[in-house]
Amino acid sequence: MKKVNNLITGVAGFIGFHTAKQLLDSNEPVVGIDNFNDYYDPSLKEARVAELLKHENFTLVRGDLSERQTVIDLFSNYQFDKVCHLAAQAGVRYSLENPNAYVQSNLVAFMNVLEAVRNYEVKNFVYASSSSVYGKNTKVPFSITDRVDEPVSLYATTKRSNELMAYTYHHLYGIPSTGLRFFTVVGPYGRPDMAMMLFTDAIINDRPIKVFNQGNMERDFTYIDDIVDGVIRSMDTPSGYRIFNLGNNQPVKLEYLISCLERSLDKKAKREYLPMQAGDVPRTFADISHTTEKLGWKPTTDIDDAVKHFVNWYKSFYHYQ
Ligand SMILES: NC(=O)c1ccc[n+]([C@@H]2O[C@H](COP(=O)([O-])OP(=O)(O)OC[C@H]3O[C@@H](n4cnc5c(N)ncnc54)[C@H](O)[C@@H]3O)[C@@H](O)[C@H]2O)c1
């Protein structure tokens, strides 16, 4: 059994890739696993992993965590101190179309990983939750002491379930675990199913941007480097059972995001105003006082800079002049 400090699941995904890269850049060895599913273009996942494979300290495993034997093999081959579990079926809207994908990747796979964390005596378990657990909550900003028992999508339900499963394993087996409620993460190598990429594609290809809830949507967009900083701080400080909000604490209207993109791309957007979509929430806004107090974490990138970094990456990655 080979000792490797860090396991990152979902390593070909947006946040997994950036987290692994940051660790590798600091000379930390990383094993990463991903099933490269086609929820969005797998060639973007391959491109991310190709970057990671430039580091000799990186080991890639291709496999599906909802298969129990795959997880057992992984933990039998390597001894991990820290497990950062980011693999999941993401996306709120898709959970209305394909609920089973969420059961497999967010419940079955999560349970397989949690059992391995217990059986192989991992010292710290960090996993992705989501701001979507706040569901119908209208009190802002969203605080970790707010009630979270009214999720409005199956995606949110699976994320809240993860927090409860981790609680039980902490209670029964003393596993230090940290659930991170990410708030709409943006930046280079971002997800093609999320607003930043969808809007950019629409502007460039002269298609109208679908603006839901007649434009009255606000999101607490959070830059990827700030998110990675919060993930790594959590990995470095095992302690009891914790939940942290990782959000920018500065919600902006979607209209504002569109205007930033127009400026960066030097092109006007066409807009198609539509009603609110089922499963969505009108506003997200993170209270980060607890995260700052316990982790010393504070976001440092505003939406204007986040858009600039994203657009620069987009132009070079997709060869757009
Ligand atoms: N990006 C955000 O704004 C955001 C917000 C809140 C929560 N999250 C959560 O953060 C985590 C990472 O999100 P992301 O944006 O990087 O998403 P992503 O879809 O880019 O990454 C997830 C990765 O997990 C892999 N995966 C899915 N099911 C798997 C399985 N059964 N076995 C192995 N690999 C599997 C996918 O192939 C993908 O590469 C997810 O848990 C997501 O729910 C993300």
# chains A, B, ... in the order shown; residues from 1 in each chain; ligands from 1
call {"tool": "closest_atom_pairs", "arguments": {"of": "chain A", "to": "ligand 1", "cutoff": "7 Å", "atoms": "only C-alpha atoms and all ligand atoms", "output": "Markdown table"}}
result
| residue | atom | partner | partner_atom_place_in_ligand_line | distance |
| --- | --- | --- | --- | --- |
| A:Thr9 | CA | ligand 1 | 34 (N) | 6.5 |
| A:Gly10 | CA | ligand 1 | 24 (O) | 3.5 |
| A:Val11 | CA | ligand 1 | 39 (O) | 6.1 |
| A:Ala12 | CA | ligand 1 | 39 (O) | 4.3 |
| A:Gly13 | CA | ligand 1 | 21 (O) | 3.2 |
| A:Phe14 | CA | ligand 1 | 16 (O) | 3.6 |
| A:Ile15 | CA | ligand 1 | 16 (O) | 3.8 |
| A:Gly16 | CA | ligand 1 | 16 (O) | 5.5 |
| A:Ile33 | CA | ligand 1 | 33 (C) | 6.2 |
| A:Asp34 | CA | ligand 1 | 34 (N) | 3.7 |
| A:Asn35 | CA | ligand 1 | 34 (N) | 4.1 |
| A:Phe36 | CA | ligand 1 | 37 (O) | 4.0 |
| A:Asn37 | CA | ligand 1 | 37 (O) | 4.6 |
| A:Lys45 | CA | ligand 1 | 39 (O) | 6.1 |
| A:Gly63 | CA | ligand 1 | 33 (C) | 5.8 |
| A:Asp64 | CA | ligand 1 | 32 (N) | 3.6 |
| A:Leu65 | CA | ligand 1 | 32 (N) | 3.9 |
| A:Ser66 | CA | ligand 1 | 31 (N) | 4.8 |
| A:Leu86 | CA | ligand 1 | 11 (C) | 4.3 |
| A:Ala87 | CA | ligand 1 | 24 (O) | 3.4 |
| A:Ala88 | CA | ligand 1 | 27 (C) | 4.2 |
| A:Gln89 | CA | ligand 1 | 27 (C) | 5.0 |
| A:Ala90 | CA | ligand 1 | 43 (O) | 4.2 |
| A:Gly91 | CA | ligand 1 | 43 (O) | 6.9 |
| A:Gln104 | CA | ligand 1 | 31 (N) | 6.5 |
| A:Ser105 | CA | ligand 1 | 31 (N) | 4.1 |
| A:Ala109 | CA | ligand 1 | 31 (N) | 5.7 |
| A:Ala128 | CA | ligand 1 | 41 (O) | 4.6 |
| A:Ser129 | CA | ligand 1 | 7 (C) | 5.5 |
| A:Ser130 | CA | ligand 1 | 6 (C) | 4.0 |
| A:Ser131 | CA | ligand 1 | 6 (C) | 6.0 |
| A:Arg181 | CA | ligand 1 | 6 (C) | 6.3 |
| A:Phe182 | CA | ligand 1 | 6 (C) | 4.3 |
| A:Phe183 | CA | ligand 1 | 5 (C) | 5.2 |
| A:Thr184 | CA | ligand 1 | 3 (O) | 3.5 |
| A:Val185 | CA | ligand 1 | 3 (O) | 3.7 |
| A:Val186 | CA | ligand 1 | 3 (O) | 6.7 |
| A:Arg191 | CA | ligand 1 | 20 (O) | 5.6 |
call {"tool": "residues_around", "arguments": {"residues": "Ser76 of chain A", "least_positions_apart": "2", "cutoff": "10 Å", "atoms": "only C-alpha atoms", "output": "ChimeraX atom specification"}}
result
/A:1-2,70-74,78-80,116,120
call {"tool": "write_last_selection", "arguments": {"atoms": "C-alpha atoms", "output": "PDB file, in the first residue's frame"}}
result
ATOM      1  CA  MET A   1       0.000   0.000   0.000  1.00  0.00           C
ATOM      2  CA  LYS A   2       1.498   3.322  -1.091  1.00  0.00           C
ATOM      3  CA  THR A  70     -13.784   0.523  -7.255  1.00  0.00           C
ATOM      4  CA  VAL A  71     -13.680   2.444  -3.982  1.00  0.00           C
ATOM      5  CA  ILE A  72     -12.344  -0.540  -2.036  1.00  0.00           C
ATOM      6  CA  ASP A  73      -9.593  -1.069  -4.639  1.00  0.00           C
ATOM      7  CA  LEU A  74      -8.654   2.610  -4.517  1.00  0.00           C
ATOM      8  CA  TYR A  78      -3.145   3.855  -1.436  1.00  0.00           C
ATOM      9  CA  GLN A  79      -3.111   5.077   2.131  1.00  0.00           C
ATOM     10  CA  PHE A  80      -4.610   8.577   2.327  1.00  0.00           C
ATOM     11  CA  ALA A 116     -13.793   3.706   3.043  1.00  0.00           C
ATOM     12  CA  TYR A 120      -9.069   2.819   6.149  1.00  0.00           C
TER      13      TYR A 120
END
call {"tool": "select_by_dssp", "arguments": {"residues": "segment 2-214 of chain A", "states": "alpha helix (DSSP H)", "output": "number ranges by chain"}}
result
A: 14-25, 42-52, 68-77, 94-97, 99-102, 109-119, 154-173, 195-204
call {"tool": "closest_atom_pairs", "arguments": {"of": "segment 101-212 of chain A", "to": "segment 38-42 of chain A", "cutoff": "10 Å", "atoms": "only C-alpha atoms", "output": "Markdown table"}}
result
| residue | atom | partner | partner_atom | distance |
| --- | --- | --- | --- | --- |
| A:Ala101 | CA | A:Tyr39 | CA | 9.7 |
| A:Arg191 | CA | A:Tyr40 | CA | 7.9 |
| A:Pro192 | CA | A:Tyr40 | CA | 6.7 |
| A:Asp193 | CA | A:Tyr40 | CA | 7.1 |
call {"tool": "residues_around", "arguments": {"residues": "Tyr320 of chain A", "least_positions_apart": "6", "cutoff": "12 Å", "atoms": "only C-alpha atoms", "output": "list in words"}}
result
Thr200, Asp201, Ile204, Asn205, Leu265, Val311, Asn312, Trp313 and Tyr314 of chain A
call {"tool": "write_last_selection", "arguments": {"atoms": "C-alpha atoms", "output": "PDB file, in the first residue's frame"}}
result
ATOM      1  CA  THR A 200     -20.303  33.905 -22.844  1.00  0.00           C
ATOM      2  CA  ASP A 201     -21.140  31.283 -25.485  1.00  0.00           C
ATOM      3  CA  ILE A 204     -20.126  35.194 -28.883  1.00  0.00           C
ATOM      4  CA  ASN A 205     -22.522  33.180 -31.054  1.00  0.00           C
ATOM      5  CA  LEU A 265     -15.943  40.655 -24.660  1.00  0.00           C
ATOM      6  CA  VAL A 311     -12.871  35.695 -20.344  1.00  0.00           C
ATOM      7  CA  ASN A 312      -9.076  35.724 -20.786  1.00  0.00           C
ATOM      8  CA  TRP A 313      -9.003  31.968 -20.228  1.00  0.00           C
ATOM      9  CA  TYR A 314     -12.026  31.392 -22.494  1.00  0.00           C
TER      10      TYR A 314
END
call {"tool": "residues_around", "arguments": {"residues": "Asp220 of chain A", "least_positions_apart": "5", "cutoff": "10 Å", "atoms": "only C-alpha atoms", "output": "list in words"}}
result
Ser131, Phe182, Phe183, Thr184, Val185, Leu246, Gly247, Asn248, Asn249, Gln250, Pro251, Val252, Lys253, Arg283, Thr284, Phe285, Ala286 and Ile303 of chain A
call {"tool": "residues_around", "arguments": {"residues": "Gly240 of chain A", "least_positions_apart": "6", "cutoff": "9 Å", "atoms": "only C-alpha atoms", "output": "ChimeraX atom specification"}}
result
/A:170,174-178
call {"tool": "residues_around", "arguments": {"residues": "segment 147-160 of chain A", "least_positions_apart": "2", "cutoff": "8 Å", "atoms": "only C-alpha atoms", "output": "PyMOL selection string"}}
result
chain A and resi 90-93+95-96+99+102-103+106-107+128-130+132-137+145+162-164+279-280
